[in-house]
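Trainee: Contents of my_file32.cif (mmCIF, C-alpha atoms):
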```cif
data_start
loop_
_atom_site.group_PDB
_atom_site.id
_atom_site.type_symbol
_atom_site.label_atom_id
_atom_site.label_comp_id
_atom_site.auth_asym_id
_atom_site.auth_seq_id
_atom_site.Cartn_x
_atom_site.Cartn_y
_atom_site.Cartn_z
ATOM 1 C CA ASP A 1 73.395 -94.948 -9.665
ATOM 2 C CA THR A 2 72.528 -95.728 -13.274
ATOM 3 C CA VAL A 3 69.165 -97.167 -14.319
ATOM 4 C CA LEU A 4 69.061 -98.828 -17.740
ATOM 5 C CA VAL A 5 65.546 -99.050 -19.181
ATOM 6 C CA LYS A 6 64.847 -101.903 -21.583
ATOM 7 C CA PRO A 7 62.801 -101.528 -24.802
ATOM 8 C CA GLY A 8 59.061 -101.223 -24.326
ATOM 9 C CA VAL A 9 56.284 -98.675 -23.847
ATOM 10 C CA TYR A 10 56.058 -97.453 -20.250
ATOM 11 C CA PRO A 11 53.124 -95.338 -18.978
ATOM 12 C CA SER A 12 54.729 -92.226 -17.529
ATOM 13 C CA LYS A 13 52.249 -89.813 -15.950
ATOM 14 C CA ALA A 14 54.330 -87.032 -14.406
ATOM 15 C CA ILE A 15 56.959 -89.355 -12.979
ATOM 16 C CA SER A 16 59.153 -87.236 -10.664
ATOM 17 C CA ILE A 17 62.833 -87.978 -10.190
ATOM 18 C CA THR A 18 63.799 -86.592 -6.788
ATOM 19 C CA LYS A 19 67.370 -87.843 -6.389
ATOM 20 C CA SER A 20 70.577 -87.761 -8.432
ATOM 21 C CA ILE A 21 70.525 -90.542 -11.005
ATOM 22 C CA VAL A 22 71.540 -91.475 -14.548
ATOM 23 C CA LEU A 23 68.524 -92.736 -16.490
ATOM 24 C CA ILE A 24 69.355 -94.327 -19.841
ATOM 25 C CA GLY A 25 66.850 -95.711 -22.313
ATOM 26 C CA GLU A 26 67.903 -98.505 -24.629
ATOM 27 C CA LYS A 27 66.718 -98.218 -28.211
ATOM 28 C CA GLY A 28 62.952 -98.725 -28.201
ATOM 29 C CA ALA A 29 62.385 -97.467 -24.648
ATOM 30 C CA VAL A 30 59.275 -95.248 -24.822
ATOM 31 C CA LEU A 31 57.839 -93.097 -22.027
ATOM 32 C CA ASP A 32 54.162 -92.397 -22.761
ATOM 33 C CA GLY A 33 52.513 -89.547 -20.846
ATOM 34 C CA MET A 34 49.041 -90.793 -21.811
ATOM 35 C CA ALA A 35 48.059 -87.198 -22.784
ATOM 36 C CA GLU A 36 47.445 -86.238 -19.161
ATOM 37 C CA SER A 37 50.254 -84.155 -17.650
ATOM 38 C CA TYR A 38 54.053 -83.966 -17.753
ATOM 39 C CA VAL A 39 55.872 -87.073 -18.897
ATOM 40 C CA LEU A 40 59.069 -86.790 -16.825
ATOM 41 C CA LYS A 41 59.874 -84.251 -14.090
ATOM 42 C CA LEU A 42 63.475 -83.703 -12.984
ATOM 43 C CA MET A 43 63.411 -82.328 -9.438
ATOM 44 C CA ALA A 44 66.935 -82.963 -8.092
ATOM 45 C CA ASP A 45 70.491 -81.932 -8.948
ATOM 46 C CA SER A 46 72.837 -84.055 -11.051
ATOM 47 C CA ILE A 47 70.292 -85.977 -13.133
ATOM 48 C CA THR A 48 71.006 -87.352 -16.606
ATOM 49 C CA VAL A 49 68.224 -88.499 -18.960
ATOM 50 C CA SER A 50 69.400 -90.047 -22.218
ATOM 51 C CA GLY A 51 68.185 -92.140 -25.128
ATOM 52 C CA PHE A 52 64.402 -92.183 -24.634
ATOM 53 C CA GLU A 53 61.446 -91.629 -26.891
ATOM 54 C CA LEU A 54 58.958 -89.463 -24.982
ATOM 55 C CA LYS A 55 55.460 -88.738 -26.237
ATOM 56 C CA ASN A 56 51.955 -87.626 -25.328
ATOM 57 C CA SER A 57 52.281 -84.953 -22.691
ATOM 58 C CA GLY A 58 49.044 -83.276 -21.692
ATOM 59 C CA GLN A 59 47.649 -80.268 -23.557
ATOM 60 C CA SER A 60 46.573 -77.242 -21.516
ATOM 61 C CA PHE A 61 45.896 -73.513 -21.808
ATOM 62 C CA THR A 62 46.775 -72.909 -18.140
ATOM 63 C CA LYS A 63 49.734 -75.249 -17.499
ATOM 64 C CA ASP A 64 52.904 -75.692 -19.513
ATOM 65 C CA TYR A 65 52.931 -79.481 -19.716
ATOM 66 C CA ALA A 66 56.139 -80.840 -21.222
ATOM 67 C CA ALA A 67 57.765 -84.133 -22.108
ATOM 68 C CA ILE A 68 60.780 -83.269 -19.904
ATOM 69 C CA TYR A 69 60.458 -80.639 -17.170
ATOM 70 C CA THR A 70 63.056 -79.313 -14.741
ATOM 71 C CA PHE A 71 62.542 -76.950 -11.819
ATOM 72 C CA GLY A 72 65.143 -75.462 -9.498
ATOM 73 C CA ILE A 73 67.930 -77.929 -10.284
ATOM 74 C CA SER A 74 71.567 -77.754 -11.381
ATOM 75 C CA ASP A 75 74.188 -79.921 -13.089
ATOM 76 C CA PHE A 76 71.705 -81.821 -15.248
ATOM 77 C CA GLN A 77 71.986 -83.410 -18.698
ATOM 78 C CA ILE A 78 69.208 -84.105 -21.240
ATOM 79 C CA LEU A 79 70.792 -86.048 -24.090
ATOM 80 C CA ASN A 80 69.756 -87.730 -27.347
ATOM 81 C CA ASN A 81 66.041 -88.083 -26.674
ATOM 82 C CA GLN A 82 63.215 -88.022 -29.245
ATOM 83 C CA ILE A 83 60.082 -86.111 -28.309
ATOM 84 C CA SER A 84 56.779 -86.094 -30.189
ATOM 85 C CA GLU A 85 53.109 -85.269 -29.634
ATOM 86 C CA SER A 86 53.857 -83.068 -26.639
ATOM 87 C CA PHE A 87 52.676 -79.560 -25.731
ATOM 88 C CA PHE A 88 56.165 -78.367 -24.761
ATOM 89 C CA GLY A 89 59.180 -80.481 -25.595
ATOM 90 C CA ILE A 90 61.833 -79.644 -22.973
ATOM 91 C CA LEU A 91 60.893 -77.033 -20.346
ATOM 92 C CA ILE A 92 63.620 -75.766 -18.011
ATOM 93 C CA GLU A 93 62.650 -73.402 -15.166
ATOM 94 C CA LYS A 94 64.878 -71.742 -12.553
ATOM 95 C CA SER A 95 67.709 -74.160 -13.272
ATOM 96 C CA LYS A 96 71.416 -73.724 -13.978
ATOM 97 C CA ASN A 97 74.532 -75.427 -15.293
ATOM 98 C CA GLY A 98 72.732 -77.820 -17.639
ATOM 99 C CA LEU A 99 73.388 -79.494 -20.987
ATOM 100 C CA VAL A 100 70.604 -80.087 -23.540
ATOM 101 C CA GLN A 101 72.219 -81.885 -26.470
ATOM 102 C CA GLY A 102 71.302 -84.071 -29.416
ATOM 103 C CA ASN A 103 67.560 -84.134 -28.817
ATOM 104 C CA LYS A 104 64.922 -84.172 -31.556
ATOM 105 C CA VAL A 105 61.600 -82.445 -30.867
ATOM 106 C CA LYS A 106 58.885 -82.818 -33.486
ATOM 107 C CA GLY A 107 55.406 -81.304 -33.377
ATOM 108 C CA THR A 108 52.468 -80.871 -35.717
ATOM 109 C CA ALA A 109 51.344 -77.329 -34.856
ATOM 110 C CA VAL A 110 49.721 -75.193 -37.522
ATOM 111 C CA GLN A 111 48.618 -72.321 -35.224
ATOM 112 C CA GLU A 112 50.391 -70.599 -32.322
ATOM 113 C CA ASP A 113 47.771 -71.556 -29.738
ATOM 114 C CA GLN A 114 47.983 -75.259 -30.564
ATOM 115 C CA SER A 115 51.479 -75.869 -29.263
ATOM 116 C CA GLY A 116 54.145 -74.793 -26.821
ATOM 117 C CA ASN A 117 57.825 -74.379 -27.606
ATOM 118 C CA GLY A 118 60.333 -77.064 -28.484
ATOM 119 C CA ILE A 119 63.076 -76.129 -25.990
ATOM 120 C CA HIS A 120 61.927 -73.507 -23.481
ATOM 121 C CA LEU A 121 64.195 -71.917 -20.847
ATOM 122 C CA TRP A 122 62.943 -69.520 -18.158
ATOM 123 C CA HIS A 123 65.042 -67.930 -15.392
ATOM 124 C CA ALA A 124 68.059 -70.098 -16.149
ATOM 125 C CA GLN A 125 71.840 -69.611 -16.152
ATOM 126 C CA GLN A 126 74.781 -71.346 -17.747
ATOM 127 C CA ILE A 127 72.791 -73.670 -19.977
ATOM 128 C CA GLN A 128 74.251 -75.208 -23.138
ATOM 129 C CA VAL A 129 71.736 -76.055 -25.882
ATOM 130 C CA LEU A 130 73.689 -77.942 -28.537
ATOM 131 C CA GLN A 131 72.962 -79.948 -31.714
ATOM 132 C CA ASN A 132 69.207 -80.291 -31.235
ATOM 133 C CA GLU A 133 66.583 -80.383 -34.009
ATOM 134 C CA VAL A 134 63.171 -78.786 -33.480
ATOM 135 C CA SER A 135 60.293 -78.602 -35.951
ATOM 136 C CA GLY A 136 56.523 -78.152 -35.947
ATOM 137 C CA MET A 137 56.335 -76.307 -32.614
ATOM 138 C CA ARG A 138 55.330 -72.716 -31.773
ATOM 139 C CA ASP A 139 58.899 -71.449 -31.221
ATOM 140 C CA GLY A 140 61.763 -73.815 -31.847
ATOM 141 C CA ILE A 141 63.910 -72.503 -28.969
ATOM 142 C CA TYR A 142 62.640 -69.903 -26.462
ATOM 143 C CA LEU A 143 64.617 -68.135 -23.743
ATOM 144 C CA GLU A 144 63.439 -65.602 -21.168
ATOM 145 C CA PHE A 145 65.669 -64.307 -18.357
ATOM 146 C CA VAL A 146 68.450 -66.679 -19.437
ATOM 147 C CA ASP A 147 72.053 -65.511 -18.888
ATOM 148 C CA GLU A 148 75.551 -66.763 -19.675
ATOM 149 C CA SER A 149 74.283 -69.526 -21.952
ATOM 150 C CA ARG A 150 75.342 -70.997 -25.288
ATOM 151 C CA ILE A 151 73.011 -72.005 -28.134
ATOM 152 C CA ALA A 152 75.039 -73.759 -30.835
ATOM 153 C CA GLU A 153 74.688 -76.038 -33.875
ATOM 154 C CA ASN A 154 70.919 -76.460 -33.576
ATOM 155 C CA TYR A 155 68.567 -76.881 -36.546
ATOM 156 C CA THR A 156 65.141 -75.324 -36.069
ATOM 157 C CA HIS A 157 62.785 -75.406 -39.031
ATOM 158 C CA GLN A 158 59.116 -75.219 -39.974
ATOM 159 C CA ASN A 159 58.027 -73.814 -36.623
ATOM 160 C CA VAL A 160 54.851 -71.731 -36.553
ATOM 161 C CA ARG A 161 56.265 -68.543 -35.018
ATOM 162 C CA TYR A 162 60.055 -68.239 -34.482
ATOM 163 C CA GLY A 163 63.010 -70.537 -34.947
ATOM 164 C CA LEU A 164 64.593 -68.858 -31.899
ATOM 165 C CA HIS A 165 62.927 -66.308 -29.625
ATOM 166 C CA PHE A 166 64.590 -64.728 -26.632
ATOM 167 C CA MET A 167 63.968 -61.782 -24.314
ATOM 168 C CA PHE A 168 65.612 -60.237 -21.240
ATOM 169 C CA SER A 169 68.619 -62.537 -21.664
ATOM 170 C CA ASN A 170 72.183 -61.217 -21.353
ATOM 171 C CA HIS A 171 75.728 -62.425 -21.983
ATOM 172 C CA ASP A 172 74.617 -65.224 -24.329
ATOM 173 C CA GLU A 173 76.150 -66.753 -27.477
ATOM 174 C CA TYR A 174 74.322 -68.112 -30.555
ATOM 175 C CA LEU A 175 76.728 -69.965 -32.831
ATOM 176 C CA LYS A 176 76.444 -72.046 -36.027
ATOM 177 C CA ASN A 177 72.680 -72.614 -35.834
ATOM 178 C CA VAL A 178 70.382 -73.003 -38.863
ATOM 179 C CA PHE A 179 66.982 -71.257 -38.775
ATOM 180 C CA GLN A 180 65.023 -72.294 -41.856
ATOM 181 C CA ASN A 181 61.463 -71.877 -43.119
ATOM 182 C CA ASN A 182 59.925 -70.698 -39.851
ATOM 183 C CA GLY A 183 57.128 -68.161 -39.469
ATOM 184 C CA ALA A 184 60.033 -65.814 -38.775
ATOM 185 C CA GLY A 185 63.643 -66.693 -38.116
ATOM 186 C CA VAL A 186 64.917 -65.205 -34.860
ATOM 187 C CA ALA A 187 63.505 -62.505 -32.575
ATOM 188 C CA VAL A 188 65.998 -60.950 -30.148
ATOM 189 C CA MET A 189 64.437 -58.496 -27.688
ATOM 190 C CA PHE A 190 65.424 -56.407 -24.643
ATOM 191 C CA SER A 191 68.838 -58.003 -24.162
ATOM 192 C CA LYS A 192 72.491 -56.958 -23.790
ATOM 193 C CA TRP A 193 75.877 -58.372 -24.688
ATOM 194 C CA ILE A 194 74.682 -60.892 -27.264
ATOM 195 C CA ARG A 195 77.010 -62.591 -29.749
ATOM 196 C CA MET A 196 75.487 -64.180 -32.869
ATOM 197 C CA GLU A 197 78.079 -65.764 -35.138
ATOM 198 C CA GLU A 198 78.097 -68.125 -38.150
ATOM 199 C CA ASN A 199 74.364 -68.793 -38.116
ATOM 200 C CA LYS A 200 72.213 -69.340 -41.213
ATOM 201 C CA PHE A 201 68.863 -67.556 -41.581
ATOM 202 C CA ILE A 202 67.171 -69.124 -44.611
ATOM 203 C CA ASP A 203 63.739 -69.193 -46.291
ATOM 204 C CA ASN A 204 61.829 -67.192 -43.690
ATOM 205 C CA TRP A 205 59.138 -65.756 -45.992
ATOM 206 C CA GLY A 206 55.869 -64.013 -45.257
ATOM 207 C CA THR A 207 54.171 -60.643 -44.964
ATOM 208 C CA ALA A 208 55.701 -60.035 -41.514
ATOM 209 C CA SER A 209 58.684 -62.347 -41.688
ATOM 210 C CA TYR A 210 62.406 -61.783 -41.275
ATOM 211 C CA GLY A 211 65.612 -63.651 -40.731
ATOM 212 C CA LEU A 212 66.609 -61.686 -37.618
ATOM 213 C CA LEU A 213 64.705 -59.077 -35.589
ATOM 214 C CA LEU A 214 66.681 -56.976 -33.119
ATOM 215 C CA LYS A 215 64.521 -54.908 -30.758
ATOM 216 C CA GLU A 216 66.036 -52.933 -27.880
ATOM 217 C CA ILE A 217 69.401 -54.696 -28.115
ATOM 218 C CA TYR A 218 72.578 -53.108 -26.754
ATOM 219 C CA ASP A 219 76.253 -53.976 -27.198
ATOM 220 C CA GLY A 220 75.753 -56.927 -29.548
ATOM 221 C CA GLU A 221 77.833 -58.710 -32.180
ATOM 222 C CA VAL A 222 76.321 -60.048 -35.434
ATOM 223 C CA LEU A 223 79.267 -61.724 -37.153
ATOM 224 C CA ASN A 224 79.760 -63.883 -40.268
ATOM 225 C CA ASN A 225 76.132 -64.987 -40.593
ATOM 226 C CA ILE A 226 74.263 -65.893 -43.790
ATOM 227 C CA PHE A 227 70.878 -64.300 -44.496
ATOM 228 C CA GLN A 228 69.361 -65.882 -47.596
ATOM 229 C CA GLU A 229 65.880 -65.659 -49.158
ATOM 230 C CA ASN A 230 64.099 -63.921 -46.283
ATOM 231 C CA THR A 231 61.437 -61.244 -46.675
ATOM 232 C CA LEU A 232 63.663 -59.104 -44.407
ATOM 233 C CA GLY A 233 67.197 -60.256 -43.717
ATOM 234 C CA VAL A 234 67.696 -58.124 -40.579
ATOM 235 C CA TYR A 235 65.098 -55.786 -39.103
ATOM 236 C CA VAL A 236 66.477 -53.448 -36.421
ATOM 237 C CA ASP A 237 64.437 -51.334 -33.987
ATOM 238 C CA GLY A 238 65.832 -49.321 -31.076
ATOM 239 C CA SER A 239 69.168 -51.142 -30.949
ATOM 240 C CA THR A 240 72.459 -49.406 -30.165
ATOM 241 C CA ARG A 241 76.165 -50.263 -30.273
ATOM 242 C CA VAL A 242 75.720 -53.391 -32.382
ATOM 243 C CA ASN A 243 78.479 -54.521 -34.774
ATOM 244 C CA TYR A 244 77.420 -56.166 -38.050
ATOM 245 C CA ILE A 245 80.608 -57.584 -39.530
ATOM 246 C CA GLY A 246 81.301 -60.084 -42.306
ATOM 247 C CA ASN A 247 77.686 -61.122 -42.934
ATOM 248 C CA THR A 248 76.302 -62.245 -46.305
ATOM 249 C CA PHE A 249 72.884 -61.009 -47.450
ATOM 250 C CA LYS A 250 71.709 -62.961 -50.485
ATOM 251 C CA GLN A 251 68.416 -62.792 -52.413
ATOM 252 C CA ASN A 252 66.365 -61.217 -49.622
ATOM 253 C CA GLY A 253 63.556 -58.705 -50.081
ATOM 254 C CA TRP A 254 65.262 -56.137 -47.857
ATOM 255 C CA ALA A 255 68.733 -57.121 -46.702
ATOM 256 C CA ILE A 256 68.736 -54.689 -43.746
ATOM 257 C CA LYS A 257 65.890 -52.464 -42.626
ATOM 258 C CA VAL A 258 66.669 -50.097 -39.749
ATOM 259 C CA SER A 259 63.906 -48.314 -37.872
ATOM 260 C CA GLY A 260 64.223 -45.468 -35.364
ATOM 261 C CA GLY A 261 66.207 -45.210 -32.150
ATOM 262 C CA CYS A 262 69.344 -46.958 -33.463
ATOM 263 C CA TYR A 263 72.672 -45.265 -32.659
ATOM 264 C CA ALA A 264 76.402 -45.975 -32.889
ATOM 265 C CA ASN A 265 76.014 -49.150 -34.958
ATOM 266 C CA ASN A 266 78.830 -50.430 -37.144
ATOM 267 C CA PHE A 267 78.302 -52.150 -40.525
ATOM 268 C CA THR A 268 81.609 -53.468 -41.894
ATOM 269 C CA LYS A 269 82.677 -55.936 -44.601
ATOM 270 C CA ASN A 270 79.209 -57.337 -45.315
ATOM 271 C CA ASN A 271 78.300 -58.817 -48.717
ATOM 272 C CA PHE A 272 75.055 -57.773 -50.448
ATOM 273 C CA LEU A 273 74.137 -60.128 -53.296
ATOM 274 C CA GLY A 274 70.937 -59.944 -55.365
ATOM 275 C CA ASN A 275 68.622 -58.407 -52.769
ATOM 276 C CA SER A 276 65.606 -56.379 -53.926
ATOM 277 C CA PHE A 277 66.725 -53.629 -51.497
ATOM 278 C CA ASP A 278 70.093 -53.661 -49.752
ATOM 279 C CA LEU A 279 69.557 -51.078 -47.028
ATOM 280 C CA SER A 280 66.631 -49.044 -45.687
ATOM 281 C CA TYR A 281 67.664 -46.683 -42.875
ATOM 282 C CA ASN A 282 65.156 -44.425 -41.094
#
```
Show how you would write the structure in this file as structure tokens.
Mentor:
Amino acid sequence: DTVLVKPGVYPSKAISITKSIVLIGEKGAVLDGMAESYVLKLMADSITVSGFELKNSGQSFTKDYAAIYTFGISDFQILNNQISESFFGILIEKSKNGLVQGNKVKGTAVQEDQSGNGIHLWHAQQIQVLQNEVSGMRDGIYLEFVDESRIAENYTHQNVRYGLHFMFSNHDEYLKNVFQNNGAGVAVMFSKWIRMEENKFIDNWGTASYGLLLKEIYDGEVLNNIFQENTLGVYVDGSTRVNYIGNTFKQNGWAIKVSGGCYANNFTKNNFLGNSFDLSYN
């Protein structure tokens, strides 16, 4: 069935949806978590949530309260929602075959311990995260143990730590995203078979900041990306069999800085324009 929610502010303290349903908010439909817990919990397969403004999840140092939370479900869609004043924005756990598209998550964090992540995936497979905007959170998009997923055309900016942060996640694609003015751009750790293509890493400045960090990455592709005005364009540590092809490095401090334990990497047809240092290789 489809439930159409009319405009208005609705108290929503951890409302659990436990059956397949399409839930659509008309313009002006607001779900208010009253700063207590989760706002909306999706606990069944084949749920769609679209068009809502969600705000005021609880804040906690022991529980990951979120505006939208999924656990153990499949074939879900989270579309075109606006999320504000929430600890985590969208939190997806042990779920698969989902679409997270067109959402806007806005926080006001100034320190890492004051906020969760905008879109957070844990133990998930075959998730598409498309055309979302995240700002003012700890990490814009975070993935851990997430396989066979696609992160494309998102805009993450002004987040406290990373625009995108992922670990232990294999066979994933990151395409045409913009990571701008975050604490650091993207941290990619302990993962295999990653493809990063046509992304923009811009204005990630600071004493320990970079556009892209690769740590313990194997068999990856870094293709046709733009790295502009970062302290470090790409910082590589312990990563092997990675192809860097057709990228543009413009006005960075270091364009590429390679640390130890990096073997059989291929740098081909990249452009280096106006960097303080083009390449540091240890």
Trainee: Taking the file above as input, evaluate the PyMOL selection byres ((chain A and resi 195) around 12) and report the hits as a compact mmCIF listing (two decimals) with C-alpha atoms, keeping the file's coordinate frame.
Mentor:
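The resulting part02.txt:
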```txt
# COMPACT_ATOMS: atom_id res chain seq x y z
CA GLU A 148 75.55 -66.76 -19.68
CA SER A 149 74.28 -69.53 -21.95
CA ARG A 150 75.34 -71.00 -25.29
CA ILE A 151 73.01 -72.00 -28.13
CA ALA A 152 75.04 -73.76 -30.84
CA SER A 169 68.62 -62.54 -21.66
CA ASN A 170 72.18 -61.22 -21.35
CA HIS A 171 75.73 -62.42 -21.98
CA ASP A 172 74.62 -65.22 -24.33
CA GLU A 173 76.15 -66.75 -27.48
CA TYR A 174 74.32 -68.11 -30.56
CA LEU A 175 76.73 -69.96 -32.83
CA LYS A 176 76.44 -72.05 -36.03
CA VAL A 188 66.00 -60.95 -30.15
CA SER A 191 68.84 -58.00 -24.16
CA LYS A 192 72.49 -56.96 -23.79
CA TRP A 193 75.88 -58.37 -24.69
CA ILE A 194 74.68 -60.89 -27.26
CA MET A 196 75.49 -64.18 -32.87
CA GLU A 197 78.08 -65.76 -35.14
CA GLU A 198 78.10 -68.12 -38.15
CA ASN A 199 74.36 -68.79 -38.12
CA ILE A 217 69.40 -54.70 -28.12
CA TYR A 218 72.58 -53.11 -26.75
CA ASP A 219 76.25 -53.98 -27.20
CA GLY A 220 75.75 -56.93 -29.55
CA GLU A 221 77.83 -58.71 -32.18
CA VAL A 222 76.32 -60.05 -35.43
CA LEU A 223 79.27 -61.72 -37.15
CA ASN A 224 79.76 -63.88 -40.27
CA ASN A 225 76.13 -64.99 -40.59
CA VAL A 242 75.72 -53.39 -32.38
CA ASN A 243 78.48 -54.52 -34.77
CA TYR A 244 77.42 -56.17 -38.05
CA ILE A 245 80.61 -57.58 -39.53
```
Trainee: Compare A:Asn270, A:Ser37, A:Ser276, A:Asn230 by their minimum atom-to-atom distance to Leu212 (chain A), counting all atoms listed in the file, and give me the closest one.
Mentor: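 Smallest distance to Leu212 (chain A) is found for A:Asn230.
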Trainee: Which of these residues is nearest to Ala109 (chain A), using only C-alpha atoms: A:Gln126, A:Asn252, A:Ser86, A:Ser46?
Mentor: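 Of all the options, A:Ser86 lies closest to Ala109 (chain A).
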Trainee: Using the chain letters and numbers from the file, give me the residues hit by the PyMOL selection byres ((chain A and resi 17) around 12), as number ranges by chain.
Mentor: A: 3, 12, 14-16, 18-23, 39-49, 68-71, 73, 76
Trainee: Which of these residues is nearest to Asn266 (chain A), using only C-alpha atoms: A:Asn177, A:Ser50, A:Asn282, A:Arg241?
Mentor: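 When distances to Asn266 (chain A) are compared using only C-alpha atoms, the smallest one comes from A:Arg241.
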Trainee: One decimal, in Å: what's the spacing between CA of Glu133 (chain A) and CA of Gly107 (chain A)?
Mentor: 11.2 Å
Trainee: As a check of understanding, name the residues that the PyMOL selection byres ((chain A and resi 274) around 12) selects in the supplied structure, as a list in words.
Mentor: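 On the file shown, the PyMOL selection byres ((chain A and resi 274) around 12) covers Phe227, Gln228, Glu229, Thr248, Phe249, Lys250, Gln251, Asn252, Gly253, Trp254, Ala255, Asn271, Phe272, Leu273, Asn275, Ser276, Phe277 and Asp278 of chain A.
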Trainee: Which distance in Å separates CA of Lys55 (chain A) and CA of Ala187 (chain A), to one decimal?
Mentor: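 Atom-to-atom, CA of Lys55 (chain A) and CA of Ala187 (chain A) are spaced 28.2 Å apart.
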Trainee: From the set A:Gly98, A:Gly8, A:Tyr142, A:Ser209, which residue has the shortest atom-to-atom contact distance to Ser74 (chain A), counting only C-alpha atoms?
Mentor: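 Nearest candidate to Ser74 (chain A) out of A:Gly98, A:Gly8, A:Tyr142, A:Ser209: A:Gly98.
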Trainee: Using only C-alpha atoms, find the one residue out of A:Pro11, A:Gly246, A:Gly33, A:Gly51 that sits nearest to Ala66 (chain A).
Mentor: A:Gly33
